[in-house]
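K.L.:
Handing over my_file09.csv, CSV, C-alpha atoms.
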chain,number,residue,atom,x,y,z
W,1,MET,CA,112.1,-10.9,196.6
W,2,ALA,CA,112.3,-7.4,195.3
W,3,LEU,CA,115.7,-5.8,194.9
W,4,THR,CA,116.2,-3.4,197.8
W,5,ARG,CA,118.5,-0.4,197.6
W,6,ARG,CA,120.9,-2.5,199.7
W,7,HIS,CA,121.1,-5.2,197.1
W,8,LEU,CA,121.9,-2.6,194.5
W,9,LEU,CA,124.8,-1.4,196.7
W,10,TYR,CA,126.2,-4.9,196.8
W,11,LEU,CA,126.2,-4.9,193.0
W,12,ALA,CA,128.1,-1.6,192.7
W,13,PRO,CA,131.6,-3.2,192.9
W,14,LEU,CA,130.7,-5.7,190.1
W,15,ALA,CA,129.3,-2.8,188.0
W,16,LEU,CA,132.5,-0.8,188.6
W,17,PHE,CA,134.6,-3.9,187.6
W,18,LEU,CA,132.6,-4.4,184.4
W,19,VAL,CA,133.1,-0.8,183.4
W,20,LEU,CA,136.8,-1.0,184.0
W,21,ALA,CA,137.1,-4.3,182.2
W,22,ALA,CA,135.3,-2.9,179.2
W,23,TYR,CA,137.6,0.1,179.2
W,24,LEU,CA,140.7,-2.0,179.4
W,25,LEU,CA,139.4,-4.5,176.8
W,26,ALA,CA,139.0,-1.7,174.3
W,27,GLY,CA,142.5,-0.7,175.1
W,28,LEU,CA,143.9,-4.1,174.1
W,29,ALA,CA,142.8,-3.5,170.6
W,30,LEU,CA,145.1,-0.4,170.3
W,31,ASP,CA,148.5,-0.9,168.8
W,32,PRO,CA,151.2,0.7,171.0
W,33,ARG,CA,153.5,0.8,168.0
W,34,HIS,CA,151.0,3.2,166.3
W,35,VAL,CA,151.7,6.6,167.7
W,36,PRO,CA,149.2,9.2,166.3
W,37,SER,CA,150.9,12.1,164.5
W,38,VAL,CA,150.5,15.5,166.1
W,39,LEU,CA,151.2,17.1,162.7
W,40,ILE,CA,147.8,16.2,161.1
W,41,ASP,CA,146.2,19.3,159.7
W,42,LYS,CA,149.4,21.3,160.2
W,43,PRO,CA,151.6,22.6,157.3
W,44,VAL,CA,154.6,20.4,156.5
W,45,PRO,CA,157.8,21.5,158.2
W,46,ASP,CA,160.0,23.8,156.2
W,47,PHE,CA,162.8,22.0,154.5
W,48,ALA,CA,164.9,22.1,151.4
W,49,LEU,CA,166.8,18.9,150.5
W,50,GLU,CA,169.2,18.1,147.7
W,51,GLY,CA,168.6,15.2,145.4
W,52,ILE,CA,170.2,11.8,146.0
W,53,GLU,CA,172.9,12.1,143.4
W,54,GLY,CA,172.7,15.8,142.6
W,55,GLY,CA,169.2,15.5,141.2
W,56,ASP,CA,166.4,18.1,141.6
W,57,GLY,CA,165.9,17.6,145.3
W,58,LEU,CA,162.7,18.3,147.2
W,59,SER,CA,161.6,21.2,149.3
W,60,SER,CA,158.5,22.1,151.3
W,61,LYS,CA,157.5,24.5,148.5
W,62,ASP,CA,157.1,21.5,146.1
W,63,LEU,CA,154.5,20.1,148.4
W,64,ALA,CA,152.2,23.1,148.0
W,65,ASP,CA,151.5,22.5,144.3
W,66,GLY,CA,147.7,22.3,144.5
W,67,GLU,CA,147.5,18.6,144.3
W,68,ILE,CA,146.9,15.8,146.8
W,69,LYS,CA,150.1,13.7,147.1
W,70,LEU,CA,151.9,11.1,149.1
W,71,VAL,CA,155.2,11.8,150.8
W,72,ASN,CA,157.1,8.6,151.5
W,73,PHE,CA,160.1,8.2,153.8
W,74,PHE,CA,162.3,5.3,152.6
W,75,ALA,CA,165.8,4.0,152.4
W,76,SER,CA,167.5,1.2,150.5
W,77,TRP,CA,168.6,-0.4,153.8
W,78,CYS,CA,165.0,-0.6,154.9
W,79,ILE,CA,163.6,-4.1,154.3
W,80,PRO,CA,159.9,-3.2,154.8
W,81,CYS,CA,160.4,-0.4,152.2
W,82,ARG,CA,161.3,-3.1,149.7
W,83,ALA,CA,158.0,-4.9,150.5
W,84,GLU,CA,156.1,-1.6,150.1
W,85,HIS,CA,157.7,-0.6,146.9
W,86,PRO,CA,155.4,-2.3,144.4
W,87,PHE,CA,152.4,-0.5,146.0
W,88,LEU,CA,154.1,2.9,145.5
W,89,MET,CA,154.6,2.0,141.8
W,90,ARG,CA,151.0,1.1,141.6
W,91,LEU,CA,150.0,4.4,143.2
W,92,LYS,CA,152.1,6.3,140.8
W,93,ASP,CA,150.6,4.4,137.8
W,94,SER,CA,147.2,5.3,139.1
W,95,GLY,CA,148.1,8.9,138.7
W,96,VAL,CA,148.8,10.0,142.3
W,97,LYS,CA,152.0,12.0,142.7
W,98,VAL,CA,154.4,10.3,145.1
W,99,TYR,CA,157.4,12.2,146.6
W,100,GLY,CA,160.2,10.5,148.3
W,101,ILE,CA,162.5,11.4,151.2
W,102,ASN,CA,165.5,9.2,151.3
W,103,GLN,CA,166.6,8.8,154.9
W,104,ARG,CA,170.2,8.2,156.1
W,105,ASP,CA,171.2,6.4,152.9
W,106,LYS,CA,174.3,6.2,150.8
W,107,PRO,CA,173.4,8.1,147.5
W,108,GLU,CA,174.8,5.3,145.3
W,109,ASP,CA,172.8,2.7,147.2
W,110,ALA,CA,169.6,4.7,146.9
W,111,ALA,CA,170.2,5.3,143.2
W,112,ALA,CA,170.9,1.6,142.5
W,113,TRP,CA,167.8,0.6,144.5
W,114,LEU,CA,165.6,2.8,142.3
W,115,VAL,CA,167.2,1.6,139.1
W,116,ARG,CA,166.7,-2.0,140.1
W,117,LEU,CA,163.1,-1.7,141.4
W,118,GLY,CA,161.8,1.2,139.4
W,119,ASN,CA,161.3,4.8,140.6
W,120,PRO,CA,157.9,5.7,141.8
W,121,PHE,CA,158.9,9.2,143.0
W,122,ALA,CA,158.2,12.5,141.1
W,123,LYS,CA,161.0,14.1,143.2
W,124,ILE,CA,163.3,12.8,145.9
W,125,GLY,CA,165.1,14.7,148.7
W,126,ALA,CA,168.1,13.1,150.4
W,127,ASP,CA,167.7,13.5,154.2
W,128,ARG,CA,171.3,12.4,155.0
W,129,LYS,CA,171.3,13.5,158.6
W,130,GLY,CA,167.7,12.4,159.3
W,131,ARG,CA,166.7,15.9,160.6
W,132,VAL,CA,163.8,16.4,158.2
W,133,SER,CA,162.5,13.0,159.2
W,134,ILE,CA,162.6,14.2,162.8
W,135,ASP,CA,160.8,17.4,161.9
W,136,PHE,CA,158.0,15.2,160.4
W,137,GLY,CA,157.9,13.1,163.5
W,138,VAL,CA,159.1,10.0,161.7
W,139,TYR,CA,160.2,7.3,164.1
W,140,GLY,CA,160.7,4.3,161.8
W,141,LEU,CA,160.7,3.5,158.1
W,142,PRO,CA,158.7,3.5,156.0
W,143,GLU,CA,156.2,6.2,156.9
W,144,SER,CA,154.0,8.1,154.5
W,145,PHE,CA,152.0,11.3,154.7
W,146,ILE,CA,149.2,12.5,152.5
W,147,VAL,CA,149.8,16.2,151.9
W,148,ASP,CA,147.1,18.4,150.4
W,149,GLY,CA,147.3,21.1,147.7
W,150,VAL,CA,148.3,23.8,150.1
W,151,GLY,CA,151.0,21.7,151.8
W,152,ARG,CA,149.1,20.6,154.8
W,153,ILE,CA,149.6,17.1,156.3
W,154,ARG,CA,146.2,15.4,156.2
W,155,TYR,CA,146.9,11.7,157.0
W,156,LYS,CA,149.7,9.5,158.1
W,157,VAL,CA,150.5,5.9,157.4
W,158,THR,CA,153.0,4.4,159.9
W,159,GLY,CA,154.7,1.3,158.7
W,160,PRO,CA,154.7,-0.3,155.2
W,161,ILE,CA,151.7,-0.7,152.9
W,162,THR,CA,152.1,-4.3,152.0
W,163,ASN,CA,148.6,-5.6,151.1
W,164,ALA,CA,145.7,-4.6,148.9
W,165,HIS,CA,143.6,-3.8,151.9
W,166,GLN,CA,146.0,-1.1,153.2
W,167,TYR,CA,146.5,0.1,149.6
W,168,ASP,CA,142.7,0.5,149.1
W,169,ASP,CA,142.5,2.4,152.4
W,170,LEU,CA,145.2,4.8,151.3
W,171,VAL,CA,143.5,5.4,147.9
W,172,ALA,CA,140.2,5.9,149.7
W,173,GLN,CA,141.8,8.6,151.9
W,174,ILE,CA,143.3,10.3,148.9
W,175,GLU,CA,140.0,10.1,147.0
W,176,ALA,CA,138.1,11.6,150.0
W,177,LEU,CA,140.5,14.6,150.1
W,178,ARG,CA,140.2,15.2,146.3
W,179,LYS,CA,136.5,15.9,146.7
P,1,MET,CA,182.6,-43.2,190.1
P,2,ARG,CA,181.4,-39.6,189.8
P,3,GLY,CA,178.4,-39.4,187.6
P,4,ALA,CA,177.4,-43.0,188.0
P,5,PRO,CA,173.7,-43.8,188.7
P,6,THR,CA,172.8,-42.8,192.2
P,7,THR,CA,170.6,-45.7,192.9
P,8,GLY,CA,171.6,-49.4,193.2
P,9,GLY,CA,174.5,-48.6,195.6
P,10,ASN,CA,173.1,-51.2,198.0
P,11,GLU,CA,170.4,-53.8,198.1
P,12,THR,CA,167.7,-51.5,199.3
P,13,GLY,CA,168.1,-49.0,196.6
P,14,PHE,CA,168.5,-46.2,199.2
P,15,ARG,CA,171.7,-44.2,199.1
P,16,ARG,CA,173.5,-43.7,202.3
P,17,ALA,CA,174.8,-40.2,202.8
P,18,ASP,CA,178.4,-41.4,203.2
P,19,ALA,CA,178.4,-44.2,200.7
P,20,ARG,CA,180.0,-42.4,197.7
P,21,PRO,CA,181.6,-39.0,197.0
P,22,PRO,CA,179.2,-36.1,196.6
P,23,LEU,CA,178.1,-35.3,193.1
P,24,THR,CA,179.3,-31.7,193.3
P,25,PRO,CA,182.8,-30.9,194.3
P,26,THR,CA,183.0,-29.3,197.8
P,27,LEU,CA,185.2,-26.4,198.5
P,28,SER,CA,187.2,-25.6,201.5
P,29,ARG,CA,185.9,-22.7,203.7
P,30,LYS,CA,188.7,-20.6,202.4
P,31,GLY,CA,188.0,-21.3,198.7
P,32,ARG,CA,184.4,-20.5,199.2
P,33,SER,CA,184.9,-17.1,200.8
P,34,GLY,CA,187.4,-16.4,198.0
P,35,ILE,CA,184.7,-17.0,195.4
P,36,LEU,CA,182.2,-14.9,197.4
P,37,LEU,CA,184.7,-12.0,197.6
P,38,SER,CA,185.4,-12.1,193.8
P,39,LEU,CA,181.6,-12.1,193.1
P,40,LEU,CA,181.1,-9.1,195.3
P,41,LEU,CA,184.0,-7.3,193.6
P,42,LEU,CA,182.4,-8.1,190.2
P,43,LEU,CA,179.3,-6.3,191.4
P,44,LEU,CA,181.3,-3.1,191.7
P,45,LEU,CA,181.8,-3.3,187.9
P,46,ALA,CA,178.0,-3.1,187.3
P,47,PHE,CA,177.6,0.5,186.1
P,48,PRO,CA,174.2,1.6,185.0
P,49,ALA,CA,173.8,1.1,181.3
P,50,VAL,CA,173.9,4.4,179.5
P,51,ALA,CA,173.8,4.9,175.7
P,52,VAL,CA,175.3,8.4,175.6
P,53,GLU,CA,178.5,8.3,173.7
P,54,PRO,CA,181.5,10.4,174.7
P,55,GLU,CA,181.6,12.4,171.5
P,56,GLU,CA,177.9,13.4,172.1
P,57,MET,CA,178.6,15.0,175.5
P,58,LEU,CA,178.9,18.7,176.0
P,59,LYS,CA,182.0,20.2,177.4
P,60,ASP,CA,180.0,22.4,179.8
P,61,PRO,CA,179.1,20.1,182.7
P,62,VAL,CA,176.1,22.2,183.7
P,63,LEU,CA,174.6,22.0,180.2
P,64,GLU,CA,175.5,18.3,180.0
P,65,THR,CA,173.7,17.6,183.3
P,66,ARG,CA,170.6,19.4,182.0
P,67,ALA,CA,170.8,17.4,178.7
P,68,ARG,CA,170.9,14.2,180.7
P,69,GLU,CA,168.0,15.2,182.8
P,70,ILE,CA,165.9,16.1,179.8
P,71,SER,CA,166.9,12.9,177.9
P,72,ARG,CA,165.9,10.7,180.8
P,73,ASN,CA,162.3,12.0,180.5
P,74,LEU,CA,162.0,11.6,176.7
P,75,ARG,CA,160.8,8.3,175.3
P,76,CYS,CA,162.6,6.7,172.5
P,77,LEU,CA,159.8,5.9,170.1
P,78,VAL,CA,161.6,3.1,168.5
P,79,CYS,CA,162.0,1.0,171.6
P,80,GLN,CA,159.1,2.7,173.4
P,81,ASN,CA,159.9,1.7,177.0
P,82,GLN,CA,163.4,3.2,177.0
P,83,SER,CA,164.3,6.8,177.4
P,84,ILE,CA,166.5,8.4,174.7
P,85,ASP,CA,169.2,8.4,177.4
P,86,ASP,CA,169.1,4.6,177.6
P,87,SER,CA,168.5,3.7,174.0
P,88,ASN,CA,171.0,2.8,171.3
P,89,ALA,CA,168.6,3.4,168.5
P,90,GLN,CA,169.7,5.9,165.8
P,91,LEU,CA,166.6,8.1,166.5
P,92,ALA,CA,167.5,8.3,170.2
P,93,LYS,CA,171.0,9.3,169.3
P,94,ASP,CA,169.8,12.0,166.9
P,95,LEU,CA,167.4,13.3,169.5
P,96,ARG,CA,170.1,13.4,172.2
P,97,VAL,CA,172.2,15.4,169.8
P,98,ILE,CA,169.3,17.8,169.1
P,99,VAL,CA,168.6,18.2,172.8
P,100,ARG,CA,172.3,19.3,173.2
P,101,GLU,CA,172.2,21.6,170.2
P,102,ARG,CA,169.2,23.4,171.5
P,103,LEU,CA,170.6,23.8,175.0
P,104,THR,CA,173.9,25.2,173.5
P,105,ALA,CA,171.8,27.6,171.4
P,106,GLY,CA,170.3,28.9,174.7
P,107,ASP,CA,167.0,27.2,174.9
P,108,SER,CA,165.4,26.6,178.3
P,109,ASP,CA,164.6,23.0,179.4
P,110,THR,CA,160.9,23.6,178.7
P,111,GLU,CA,161.7,24.9,175.2
P,112,VAL,CA,163.8,21.9,174.4
P,113,ILE,CA,161.0,19.5,175.5
P,114,ALA,CA,158.4,21.6,173.6
P,115,PHE,CA,160.6,21.2,170.5
P,116,VAL,CA,160.5,17.4,170.7
P,117,ARG,CA,156.9,17.3,171.8
P,118,ALA,CA,155.8,19.4,168.7
P,119,ARG,CA,157.1,16.6,166.5
P,120,TYR,CA,156.3,13.5,168.4
P,121,GLY,CA,153.4,14.4,170.6
P,122,ASP,CA,152.6,13.7,174.3
P,123,PHE,CA,153.7,10.1,173.8
P,124,VAL,CA,157.3,11.2,173.7
P,125,LEU,CA,157.1,12.3,177.4
P,126,LEU,CA,157.7,9.4,179.7
P,127,LYS,CA,155.6,11.1,182.3
P,128,PRO,CA,152.2,11.7,180.7
P,129,PRO,CA,150.9,15.2,181.2
P,130,VAL,CA,147.4,15.8,182.7
P,131,THR,CA,145.0,16.2,179.7
P,132,GLY,CA,141.5,15.3,178.9
P,133,ALA,CA,142.6,11.9,177.6
P,134,THR,CA,144.8,11.1,180.6
P,135,ALA,CA,142.6,12.5,183.3
P,136,VAL,CA,141.2,9.0,184.1
P,137,LEU,CA,144.8,7.7,184.5
P,138,TRP,CA,145.7,10.5,186.9
P,139,LEU,CA,142.4,10.6,188.9
P,140,ALA,CA,141.6,6.9,189.1
P,141,PRO,CA,144.0,6.1,192.0
P,142,ALA,CA,142.7,9.0,194.1
P,143,GLY,CA,139.1,8.1,193.2
P,144,ILE,CA,139.6,4.4,194.2
P,145,LEU,CA,141.3,5.4,197.4
P,146,LEU,CA,138.4,7.8,198.2
P,147,LEU,CA,135.8,5.1,197.6
P,148,ALA,CA,137.7,2.6,199.7
P,149,GLY,CA,138.1,5.1,202.5
P,150,ILE,CA,134.3,5.8,202.5
P,151,GLY,CA,133.7,2.0,202.6
P,152,VAL,CA,136.1,1.5,205.5
P,153,LEU,CA,134.5,4.4,207.4
P,154,LEU,CA,131.0,3.1,206.9
P,155,PHE,CA,132.2,-0.4,208.1
P,156,LEU,CA,133.9,1.0,211.2
P,157,ARG,CA,130.9,3.1,212.1
P,158,ARG,CA,128.5,0.2,211.8
P,159,ARG,CA,130.8,-2.1,213.9
P,160,LYS,CA,131.1,0.5,216.7
P,161,SER,CA,127.3,0.6,217.2
P,162,GLY,CA,127.5,-3.2,217.7
P,163,PRO,CA,124.9,-5.7,216.6
P,164,ALA,CA,121.4,-4.5,217.1
P,165,THR,CA,119.8,-6.1,220.2
P,166,PRO,CA,116.6,-7.8,219.2
P,167,ALA,CA,113.3,-6.3,220.3
P,168,PRO,CA,111.6,-8.1,223.3
P,169,LEU,CA,109.1,-10.8,222.3
P,170,THR,CA,105.6,-9.7,221.8
P,171,ALA,CA,102.7,-11.4,223.6
P,172,ALA,CA,101.8,-13.3,220.4
P,173,GLU,CA,105.4,-14.6,220.0
P,174,LYS,CA,105.5,-15.7,223.7
P,175,LYS,CA,102.3,-17.6,223.2
P,176,ARG,CA,103.6,-19.3,220.0
P,177,LEU,CA,106.9,-20.2,221.8
P,178,ASP,CA,104.9,-21.8,224.6
P,179,GLU,CA,102.9,-23.8,222.1
P,180,LEU,CA,106.1,-25.1,220.5
P,181,GLY,CA,107.7,-25.8,223.8
P,182,GLY,CA,104.8,-27.7,225.2
P,183,GLY,CA,103.6,-29.5,222.1
P,184,ASP,CA,102.4,-32.6,224.1
P,185,ALA,CA,100.1,-30.5,226.2
P,186,ALA,CA,98.0,-29.3,223.2
Now, as a test, write the supplied structure out as structure tokens.

P.N.:
Amino acid sequence: MALTRRHLLYLAPLALFLVLAAYLLAGLALDPRHVPSVLIDKPVPDFALEGIEGGDGLSSKDLADGEIKLVNFFASWCIPCRAEHPFLMRLKDSGVKVYGINQRDKPEDAAAWLVRLGNPFAKIGADRKGRVSIDFGVYGLPESFIVDGVGRIRYKVTGPITNAHQYDDLVAQIEALRK
Amino acid sequence: MRGAPTTGGNETGFRRADARPPLTPTLSRKGRSGILLSLLLLLLLAFPAVAVEPEEMLKDPVLETRAREISRNLRCLVCQNQSIDDSNAQLAKDLRVIVRERLTAGDSDTEVIAFVRARYGDFVLLKPPVTGATAVLWLAPAGILLLAGIGVLLFLRRRKSGPATPAPLTAAEKKRLDELGGGDAA
């Protein structure tokens, strides 16, 4: 028997259901913990931070130095930062500049952490009150931003980089921006 | 005897209701209402849980009310399903303080919300705004209601007209019916 228009009408709810199911199924693959940054392609917020123990410090001007760089938010009390640390060292050794913003940390703890594990950062700013972190839309540690030569945020990594796959992804992003 | 096995009290294995003391202690009517009353009184102690700490609050009650109202509509991104008014996370506390600072500095409610939104995006608003991405979310209930309404309307209209009466039998059909009915005559 040929399909009449009426038969097609009976199939409409099924079709509607399938469309909805596909839509929701795709949604299941999204990670609710991963909130996209609104600052992508925008200049970094203005800031000027002192160093952790009276060092050079870091300001938004340092980030417009003509190079592609990583800005990493970390703290000595942050356990995932500890797991990420070797990858930051590797990134620095590969010739990428890494800047650190030390969030809500005791200066002596942060300094000891860097002495013990090694210091991957070209410059570090101490964000003692967490205000610069909020200006960057940081909502957990660690978070990292790729900032381009004119000081624009181009890419954000939420959460730690703890495996080669994530590391390669990051390097690929940096390479793509260098072109 | 309390706590002893409940079966085996008599030969049949069934326990008679009055055979042994009940397993749970009974209370007098007076004792029971006393417990009920104290439970009800305990309910009075159940204040809504709020994370705002006294030293965060503004002295100006009008500003503080506005701050609370704004905070209730801002999501804490650390705990995600709590507002910054409810959350004890450090970020929520920082944002509560920022909301109050901006209000004291003379910002309007919209300006304060825009400040937070510029940093954390639409996700920070507990009530999602109508944008291209959320249009489906906002329009779907109305769309489904509309479709269902049309369906119900069609159904009612069809039912009103009643089942169609069959057309009278044609001559050929009458003849065939006669043949079937009087099979032995053929």

K.L.:
Have a look at W:Asp127, W:Pro142, W:Arg154, W:Leu170 and name the one nearest to Gly57 (chain W); count all atoms listed in the file.

P.N.:
W:Asp127

K.L.:
Within 10 Å of chain W, which residues of chain P show up when using all atoms listed in the file, listed as a list in words?

P.N.:
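Residues satisfying the distance criterion: Cys76, Leu77, Val78, Cys79, Gln80, Gln90, Leu91, Ala92, Asp94, Leu95, Ile98, Phe115, Val116, Arg117, Ala118, Arg119, Tyr120, Gly121, Asp122, Phe123 and Val124 of chain P.
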
K.L.:
Tell me, as a PDB file with C-alpha atoms, in the frame of the given file, which residues lie within 8 Å of Leu126 (chain P), counting only C-alpha atoms; anything in the same chain fewer than 3 positions away does not count.

P.N.:
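The file below, selection.pdb, is the result:
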ATOM      1  CA  ASN P  73     162.300  12.000 180.500  1.00  0.00           C
ATOM      2  CA  LEU P  74     162.000  11.600 176.700  1.00  0.00           C
ATOM      3  CA  ARG P  75     160.800   8.300 175.300  1.00  0.00           C
ATOM      4  CA  SER P  83     164.300   6.800 177.400  1.00  0.00           C
ATOM      5  CA  PHE P 123     153.700  10.100 173.800  1.00  0.00           C
TER       6      PHE P 123
END

K.L.:
Which residues, protein or nucleic acid, reach to within 12 Å of (169.3, 26.8, 175.7) in the file's coordinates when using all atoms listed in the file, and can you give that as a list in words?

P.N.:
Val62, Leu63, Glu64, Arg66, Ala67, Ile70, Ile98, Val99, Arg100, Glu101, Arg102, Leu103, Thr104, Ala105, Gly106, Asp107, Ser108, Asp109, Thr110, Glu111, Val112, Ile113 and Phe115 of chain P

K.L.:
Could you tell me how far CA of Asp105 (chain W) sits from CA of Tyr155 (chain W), in Å to one decimal place?

P.N.:
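Here the two named atoms are 25.2 Å from each other.
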
K.L.:
What's the separation between CA of Val171 (chain W) and CA of Gly55 (chain W), in Å to one decimal place?

P.N.:
28.4 Å

K.L.:
How many Å lie between CA of Gly51 (chain W) and CA of Ala126 (chain W), rounded to one decimal?

P.N.:
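According to the coordinates, CA of Gly51 (chain W) and CA of Ala126 (chain W) are separated by 5.4 Å.
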
K.L.:
Provide region 103-122 of chain W rebuilt to N, CA, C and O atoms, formatted as a short mmCIF file (atom, residue, chain, number, x, y, z; two decimals), keeping the file's coordinate frame.

P.N.:
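File written: rebuild.cif
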data_model
loop_
_atom_site.label_atom_id
_atom_site.label_comp_id
_atom_site.auth_asym_id
_atom_site.auth_seq_id
_atom_site.Cartn_x
_atom_site.Cartn_y
_atom_site.Cartn_z
N GLN W 103 166.01 8.55 153.60
CA GLN W 103 166.60 8.80 154.90
C GLN W 103 167.87 8.09 155.19
O GLN W 103 167.93 6.87 155.03
N ARG W 104 168.90 8.83 155.60
CA ARG W 104 170.20 8.20 156.10
C ARG W 104 170.65 7.12 155.14
O ARG W 104 170.87 6.00 155.58
N ASP W 105 170.78 7.44 153.88
CA ASP W 105 171.20 6.40 152.90
C ASP W 105 172.43 6.85 152.20
O ASP W 105 172.73 8.04 152.14
N LYS W 106 173.15 5.86 151.65
CA LYS W 106 174.30 6.20 150.80
C LYS W 106 173.65 6.55 149.41
O LYS W 106 172.85 5.75 148.89
N PRO W 107 174.02 7.70 148.80
CA PRO W 107 173.40 8.10 147.50
C PRO W 107 173.49 7.00 146.48
O PRO W 107 172.51 6.74 145.77
N GLU W 108 174.65 6.33 146.39
CA GLU W 108 174.80 5.30 145.30
C GLU W 108 173.89 4.12 145.60
O GLU W 108 173.33 3.53 144.68
N ASP W 109 173.69 3.78 146.90
CA ASP W 109 172.80 2.70 147.20
C ASP W 109 171.35 3.00 146.86
O ASP W 109 170.64 2.18 146.28
N ALA W 110 170.95 4.23 147.20
CA ALA W 110 169.60 4.70 146.90
C ALA W 110 169.33 4.67 145.41
O ALA W 110 168.31 4.17 144.93
N ALA W 111 170.31 5.20 144.65
CA ALA W 111 170.20 5.30 143.20
C ALA W 111 170.06 3.89 142.59
O ALA W 111 169.20 3.63 141.74
N ALA W 112 170.92 2.97 143.06
CA ALA W 112 170.90 1.60 142.50
C ALA W 112 169.59 0.91 142.85
O ALA W 112 169.03 0.19 142.02
N TRP W 113 169.08 1.17 144.04
CA TRP W 113 167.80 0.60 144.50
C TRP W 113 166.67 1.00 143.54
O TRP W 113 165.86 0.18 143.14
N LEU W 114 166.68 2.29 143.18
CA LEU W 114 165.60 2.80 142.30
C LEU W 114 165.76 2.32 140.88
O LEU W 114 164.77 2.10 140.19
N VAL W 115 167.00 2.12 140.44
CA VAL W 115 167.20 1.60 139.10
C VAL W 115 166.72 0.17 139.02
O VAL W 115 166.04 -0.25 138.08
N ARG W 116 167.04 -0.60 140.05
CA ARG W 116 166.70 -2.00 140.10
C ARG W 116 165.18 -2.23 140.19
O ARG W 116 164.61 -3.08 139.53
N LEU W 117 164.53 -1.46 141.09
CA LEU W 117 163.10 -1.70 141.40
C LEU W 117 162.15 -0.83 140.63
O LEU W 117 160.95 -1.09 140.59
N GLY W 118 162.68 0.25 140.06
CA GLY W 118 161.80 1.20 139.40
C GLY W 118 161.66 2.43 140.35
O GLY W 118 161.78 2.30 141.58
N ASN W 119 161.42 3.60 139.78
CA ASN W 119 161.30 4.80 140.60
C ASN W 119 159.92 5.37 140.61
O ASN W 119 159.45 5.91 139.62
N PRO W 120 159.24 5.23 141.75
CA PRO W 120 157.90 5.70 141.80
C PRO W 120 157.77 7.22 142.13
O PRO W 120 156.68 7.78 142.13
N PHE W 121 158.93 7.87 142.39
CA PHE W 121 158.90 9.20 143.00
C PHE W 121 159.02 10.31 141.88
O PHE W 121 159.86 10.24 141.00
N ALA W 122 158.16 11.33 142.01
CA ALA W 122 158.20 12.50 141.10
C ALA W 122 159.49 13.29 141.44
O ALA W 122 160.16 13.81 140.55
#
